[in-house]
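> This is coords_20.pdb, which holds PDB, C-alpha atoms:
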ATOM      1  CA  MET A1336      18.445 -98.770  65.719
ATOM      2  CA  ASN A1337      16.603 -95.967  64.059
ATOM      3  CA  GLU A1338      13.348 -97.820  63.552
ATOM      4  CA  ARG A1339      10.194 -96.195  64.795
ATOM      5  CA  PRO A1340       6.705 -97.672  64.855
ATOM      6  CA  ASP A1341       4.414 -96.486  62.084
ATOM      7  CA  ASP A1342       1.934 -94.247  63.892
ATOM      8  CA  SER A1343      -0.139 -93.690  60.756
ATOM      9  CA  ARG A1344      -2.180 -96.761  61.700
ATOM     10  CA  CYS A1345      -3.190 -94.999  64.922
ATOM     11  CA  SER A1346      -5.389 -92.559  63.092
ATOM     12  CA  ALA A1347      -8.088 -90.729  64.940
ATOM     13  CA  PRO A1348     -11.526 -92.328  64.950
ATOM     14  CA  ASP A1349     -13.158 -89.073  63.864
ATOM     15  CA  GLN A1350     -12.216 -85.660  62.520
ATOM     16  CA  SER A1351     -12.627 -83.973  65.914
ATOM     17  CA  ALA A1352      -9.837 -85.962  67.604
ATOM     18  CA  PRO A1353      -6.670 -83.909  68.124
ATOM     19  CA  VAL A1354      -3.520 -84.479  66.088
ATOM     20  CA  TYR A1355      -0.181 -84.219  67.890
ATOM     21  CA  LEU A1356       3.243 -83.968  66.316
ATOM     22  CA  VAL A1357       6.187 -85.404  68.276
ATOM     23  CA  LEU A1358       9.685 -84.455  67.097
ATOM     24  CA  GLU A1359      12.061 -86.531  69.207
ATOM     25  CA  ARG A1360      15.273 -88.372  68.303
ATOM     26  CA  ASN A1361      15.057 -90.827  71.198
ATOM     27  CA  SER A1362      12.444 -93.432  70.290
ATOM     28  CA  LEU A1363      11.745 -94.358  73.937
ATOM     29  CA  ILE A1364      11.009 -90.763  74.890
ATOM     30  CA  ALA A1365       8.921 -90.298  71.734
ATOM     31  CA  GLU A1366       6.866 -93.371  72.612
ATOM     32  CA  ASP A1367       6.426 -92.174  76.215
ATOM     33  CA  ILE A1368       5.027 -88.861  74.948
ATOM     34  CA  ALA A1369       2.806 -90.602  72.390
ATOM     35  CA  GLY A1370       1.559 -93.104  74.972
ATOM     36  CA  SER A1371       0.673 -90.350  77.439
ATOM     37  CA  LEU A1372      -1.248 -88.474  74.756
ATOM     38  CA  ARG A1373      -3.123 -91.615  73.687
ATOM     39  CA  ALA A1374      -3.997 -92.395  77.312
ATOM     40  CA  ALA A1375      -5.661 -88.959  77.569
ATOM     41  CA  GLY A1376      -8.103 -89.834  74.791
ATOM     42  CA  PRO A1377      -8.509 -90.547  71.084
ATOM     43  CA  CYS A1378      -5.879 -88.782  68.996
ATOM     44  CA  GLU A1379      -3.521 -89.162  66.083
ATOM     45  CA  ILE A1380       0.230 -89.039  66.660
ATOM     46  CA  ILE A1381       2.699 -87.942  63.990
ATOM     47  CA  ARG A1382       6.176 -89.055  65.035
ATOM     48  CA  ILE A1383       9.271 -87.661  63.375
ATOM     49  CA  ALA A1384      12.938 -87.808  64.299
ATOM     50  CA  SER A1385      14.286 -84.761  62.439
ATOM     51  CA  THR A1386      13.251 -81.356  61.146
ATOM     52  CA  GLU A1387      13.860 -82.619  57.603
ATOM     53  CA  GLU A1388      10.703 -84.741  57.896
ATOM     54  CA  MET A1389       8.637 -81.839  59.199
ATOM     55  CA  SER A1390       7.455 -80.096  56.015
ATOM     56  CA  THR A1391       6.257 -83.311  54.372
ATOM     57  CA  ARG A1392       4.364 -84.417  57.455
ATOM     58  CA  LEU A1393       2.867 -80.962  58.097
ATOM     59  CA  ALA A1394       1.619 -80.751  54.510
ATOM     60  CA  ALA A1395      -0.404 -83.937  55.028
ATOM     61  CA  HIS A1396      -2.311 -82.561  58.032
ATOM     62  CA  GLU A1397      -4.395 -79.402  58.100
ATOM     63  CA  ASN A1398      -4.875 -79.150  61.858
ATOM     64  CA  ILE A1399      -2.208 -80.083  64.354
ATOM     65  CA  SER A1400      -3.297 -79.350  67.907
ATOM     66  CA  ALA A1401       0.159 -79.360  69.491
ATOM     67  CA  ALA A1402       3.758 -80.003  68.495
ATOM     68  CA  PHE A1403       6.164 -81.499  71.035
ATOM     69  CA  LEU A1404       9.596 -80.426  69.798
ATOM     70  CA  GLU A1405      12.966 -81.595  71.039
ATOM     71  CA  MET A1406      14.407 -78.189  70.178
ATOM     72  CA  ASN A1407      15.379 -75.029  71.990
ATOM     73  CA  TYR A1408      13.844 -71.628  71.282
ATOM     74  CA  ALA A1409      16.579 -70.493  68.853
ATOM     75  CA  GLN A1410      16.285 -73.679  66.776
ATOM     76  CA  VAL A1411      12.515 -73.317  66.437
ATOM     77  CA  VAL A1412      12.884 -69.717  65.271
ATOM     78  CA  GLU A1413      15.888 -70.365  62.959
ATOM     79  CA  THR A1414      14.169 -73.259  61.162
ATOM     80  CA  GLY A1415      11.033 -71.191  60.570
ATOM     81  CA  LEU A1416       8.908 -73.652  62.545
ATOM     82  CA  ALA A1417       7.757 -70.971  64.969
ATOM     83  CA  GLU A1418       6.041 -69.045  62.179
ATOM     84  CA  THR A1419       4.784 -72.139  60.357
ATOM     85  CA  LEU A1420       3.220 -73.625  63.486
ATOM     86  CA  ARG A1421       1.841 -70.269  64.658
ATOM     87  CA  THR A1422       0.140 -69.793  61.286
ATOM     88  CA  CYS A1423      -1.460 -73.241  61.654
ATOM     89  CA  GLY A1424      -2.660 -72.435  65.180
ATOM     90  CA  THR A1425      -0.526 -75.222  66.604
ATOM     91  CA  GLN A1426       0.430 -75.081  70.269
ATOM     92  CA  ILE A1427       4.218 -75.378  70.649
ATOM     93  CA  VAL A1428       5.640 -77.462  73.490
ATOM     94  CA  LEU A1429       9.436 -77.548  73.750
ATOM     95  CA  THR A1430      11.131 -80.519  75.414
ATOM     96  CA  ALA A1431      14.647 -79.031  75.330
ATOM     97  CA  GLY A1432      16.229 -75.672  76.078
ATOM     98  CA  GLU A1433      15.182 -75.158  79.686
ATOM     99  CA  ASP A1434      17.253 -71.944  79.833
ATOM    100  CA  ASP A1435      14.662 -70.328  77.554
ATOM    101  CA  GLU A1436      11.667 -71.287  79.706
ATOM    102  CA  GLU A1437      10.707 -67.724  80.648
ATOM    103  CA  ARG A1438      10.859 -66.508  77.028
ATOM    104  CA  VAL A1439       9.023 -69.583  75.748
ATOM    105  CA  ARG A1440       6.190 -69.184  78.247
ATOM    106  CA  SER A1441       5.929 -65.438  77.546
ATOM    107  CA  LEU A1442       5.110 -66.360  73.928
ATOM    108  CA  GLY A1443       2.298 -68.662  75.061
ATOM    109  CA  TRP A1444       4.299 -71.792  74.317
ATOM    110  CA  ASN A1445       4.773 -74.558  76.878
ATOM    111  CA  MET A1446       7.907 -76.249  78.131
ATOM    112  CA  LEU A1447       8.380 -79.797  79.376
ATOM    113  CA  ILE A1448      11.398 -80.011  81.652
ATOM    114  CA  ARG A1449      13.046 -83.437  81.556
ATOM    115  CA  PRO A1450      12.397 -85.845  83.130
ATOM    116  CA  PHE A1451       8.667 -85.373  82.619
ATOM    117  CA  THR A1452       5.696 -87.421  83.723
ATOM    118  CA  ASP A1453       2.421 -88.399  82.040
ATOM    119  CA  GLU A1454       0.645 -85.707  84.029
ATOM    120  CA  MET A1455       3.138 -83.048  82.894
ATOM    121  CA  ILE A1456       2.639 -84.074  79.256
ATOM    122  CA  ARG A1457      -1.140 -83.893  79.515
ATOM    123  CA  HIS A1458      -0.941 -80.565  81.371
ATOM    124  CA  ALA A1459       1.235 -79.112  78.579
ATOM    125  CA  ILE A1460      -1.605 -79.444  76.073
ATOM    126  CA  ARG A1461      -4.242 -77.816  78.246
ATOM    127  CA  PRO A1462      -5.043 -74.211  77.407
ATOM    128  CA  ARG A1463      -3.127 -71.830  79.642
ATOM    129  CA  LYS A1464      -5.289 -69.774  81.941
ATOM    130  CA  THR A1465      -4.564 -66.127  82.641
ATOM    131  CA  GLY A1466      -2.376 -65.953  85.709
ATOM    132  CA  ASP A1467      -0.811 -69.430  85.255
TER     133      ASP A1467
END
Before anything else, please render the file you have as structure tokens.


Amino acid sequence: MNERPDDSRCSAPDQSAPVYLVLERNSLIAEDIAGSLRAAGPCEIIRIASTEEMSTRLAAHENISAAFLEMNYAQVVETGLAETLRTCGTQIVLTAGEDDEERVRSLGWNMLIRPFTDEMIRHAIRPRKTGD
């Protein structure tokens, strides 16, 4: 069962609504993340299940506010996503690779440690304050 709902129909009502990318193989977890983001306010969700889909989906969107990636730090760097997303000004939120949490946070990225809650998801997209 690899079917995922088509989130393209959930487009943002205006150009100022944030766009979030969710890279997650597990469709239930992906929908939990997407649902939490939608509950926080109007947004567009781009759901993908593999890095192979990433370049096509990124090319179709100029501004992605945050990317929730089921990847560890090394995978993000090795695939070139770290540089691509940094160049776009996208906030990176990793949902795997808890051992890299200190390094990830030192780069200004966020980390969601599983199992995560709606509040943790919404907190991950808030700007980090100095001293957090």

> Expand the PyMOL selection byres ((chain A and resi 1354) around 8) into the explicit residue set it covers here, and present it as a VMD selection string.

chain A and resid 1347 1352 to 1353 1355 to 1356 1378 to 1381 1398 to 1401

> Using the chain letters and numbers from the file, give me the residues hit by the PyMOL selection byres ((chain A and resi 1446-1449) around 7), as a ChimeraX atom specification.

/A:1428-1430,1433,1436,1444-1445,1450-1451

> Residue by residue, what does the PyMOL selection byres ((chain A and resi 1409-1422) around 12) grab here? Present the result as a ChimeraX atom specification.

/A:1355-1356,1358,1385-1387,1389-1390,1393-1394,1396-1408,1423-1436,1438-1439,1442-1444

> Can you work out which one of A:Ala1384, A:Met1455, A:Ala1375, A:Ala1395 has the shortest atom-to-atom distance to Asn1361 of chain A, counting all atoms listed in the file?

A:Ala1384

> So the first atom is atom CA of Ala1365 of chain A and the second is atom CA of Glu1388 of chain A; what is the distance between them in Å, to one decimal place?

15.0 Å

> Just how far from atom CA of Arg1373 of chain A is atom CA of Arg1457 of chain A, in Å to one decimal?

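That distance, rounded to one decimal, is 9.9 Å.
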
> Just to confirm, what's the straight-line distance from atom CA of Ile1368 of chain A to atom CA of Ile1460 of chain A in Å (one decimal)?

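Separation of atom CA of Ile1368 of chain A and atom CA of Ile1460 of chain A: 11.6 Å.
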
> With distances taken over all atoms listed in the file, which of A:Arg1440, A:Arg1392, A:Ile1456, A:Arg1382 is nearest to Glu1359 of chain A?

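Nearest candidate to Glu1359 of chain A out of A:Arg1440, A:Arg1392, A:Ile1456, A:Arg1382: A:Arg1382.
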
> Because some atoms of segment 1379-1406 of chain A are absent here, can you restore N, CA and C atoms and send them as a compact mmCIF listing (two decimals), in the frame of the given file?


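New file selection05.txt:
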# COMPACT_ATOMS: atom_id res chain seq x y z
N GLU A 1379 -4.46 -88.66 67.09
CA GLU A 1379 -3.52 -89.16 66.08
C GLU A 1379 -2.15 -88.61 66.43
N ILE A 1380 -1.14 -89.44 66.35
CA ILE A 1380 0.23 -89.04 66.66
C ILE A 1380 1.06 -89.09 65.38
N ILE A 1381 1.75 -88.00 65.11
CA ILE A 1381 2.70 -87.94 63.99
C ILE A 1381 4.08 -87.92 64.62
N ARG A 1382 4.83 -88.99 64.46
CA ARG A 1382 6.18 -89.06 65.04
C ARG A 1382 7.22 -88.81 63.97
N ILE A 1383 8.15 -87.91 64.27
CA ILE A 1383 9.27 -87.66 63.38
C ILE A 1383 10.54 -87.54 64.21
N ALA A 1384 11.67 -87.82 63.58
CA ALA A 1384 12.94 -87.81 64.30
C ALA A 1384 13.84 -86.65 63.89
N SER A 1385 13.44 -85.88 62.87
CA SER A 1385 14.29 -84.76 62.44
C SER A 1385 13.43 -83.67 61.80
N THR A 1386 13.97 -82.47 61.76
CA THR A 1386 13.25 -81.36 61.15
C THR A 1386 13.09 -81.54 59.65
N GLU A 1387 13.95 -82.37 59.04
CA GLU A 1387 13.86 -82.62 57.60
C GLU A 1387 12.53 -83.29 57.23
N GLU A 1388 11.98 -84.06 58.13
CA GLU A 1388 10.70 -84.74 57.90
C GLU A 1388 9.50 -83.82 58.10
N MET A 1389 9.73 -82.70 58.74
CA MET A 1389 8.64 -81.84 59.20
C MET A 1389 7.75 -81.33 58.07
N SER A 1390 8.29 -80.73 57.04
CA SER A 1390 7.46 -80.10 56.02
C SER A 1390 6.56 -81.11 55.31
N THR A 1391 7.07 -82.29 55.03
CA THR A 1391 6.26 -83.31 54.37
C THR A 1391 5.11 -83.74 55.26
N ARG A 1392 5.40 -83.95 56.52
CA ARG A 1392 4.36 -84.42 57.46
C ARG A 1392 3.34 -83.32 57.75
N LEU A 1393 3.80 -82.06 57.85
CA LEU A 1393 2.87 -80.96 58.10
C LEU A 1393 1.93 -80.76 56.92
N ALA A 1394 2.44 -80.94 55.70
CA ALA A 1394 1.62 -80.75 54.51
C ALA A 1394 0.46 -81.75 54.45
N ALA A 1395 0.62 -82.90 55.07
CA ALA A 1395 -0.40 -83.94 55.03
C ALA A 1395 -1.51 -83.74 56.07
N HIS A 1396 -1.34 -82.78 56.96
CA HIS A 1396 -2.31 -82.56 58.03
C HIS A 1396 -2.67 -81.08 58.12
N GLU A 1397 -3.94 -80.79 58.04
CA GLU A 1397 -4.39 -79.40 58.10
C GLU A 1397 -4.36 -78.84 59.51
N ASN A 1398 -4.77 -79.63 60.48
CA ASN A 1398 -4.88 -79.15 61.86
C ASN A 1398 -4.05 -80.00 62.79
N ILE A 1399 -3.01 -79.41 63.34
CA ILE A 1399 -2.21 -80.08 64.35
C ILE A 1399 -2.42 -79.32 65.65
N SER A 1400 -2.95 -80.00 66.65
CA SER A 1400 -3.30 -79.35 67.91
C SER A 1400 -2.06 -78.86 68.66
N ALA A 1401 -1.06 -79.72 68.76
CA ALA A 1401 0.16 -79.36 69.49
C ALA A 1401 1.35 -80.08 68.89
N ALA A 1402 2.50 -79.42 68.97
CA ALA A 1402 3.76 -80.00 68.50
C ALA A 1402 4.72 -80.07 69.67
N PHE A 1403 5.17 -81.27 69.99
CA PHE A 1403 6.16 -81.50 71.04
C PHE A 1403 7.51 -81.57 70.33
N LEU A 1404 8.36 -80.57 70.56
CA LEU A 1404 9.60 -80.43 69.80
C LEU A 1404 10.82 -80.55 70.69
N GLU A 1405 11.69 -81.47 70.35
CA GLU A 1405 12.97 -81.60 71.04
C GLU A 1405 13.91 -80.56 70.42
N MET A 1406 13.64 -79.31 70.71
CA MET A 1406 14.41 -78.19 70.18
C MET A 1406 14.42 -77.08 71.22
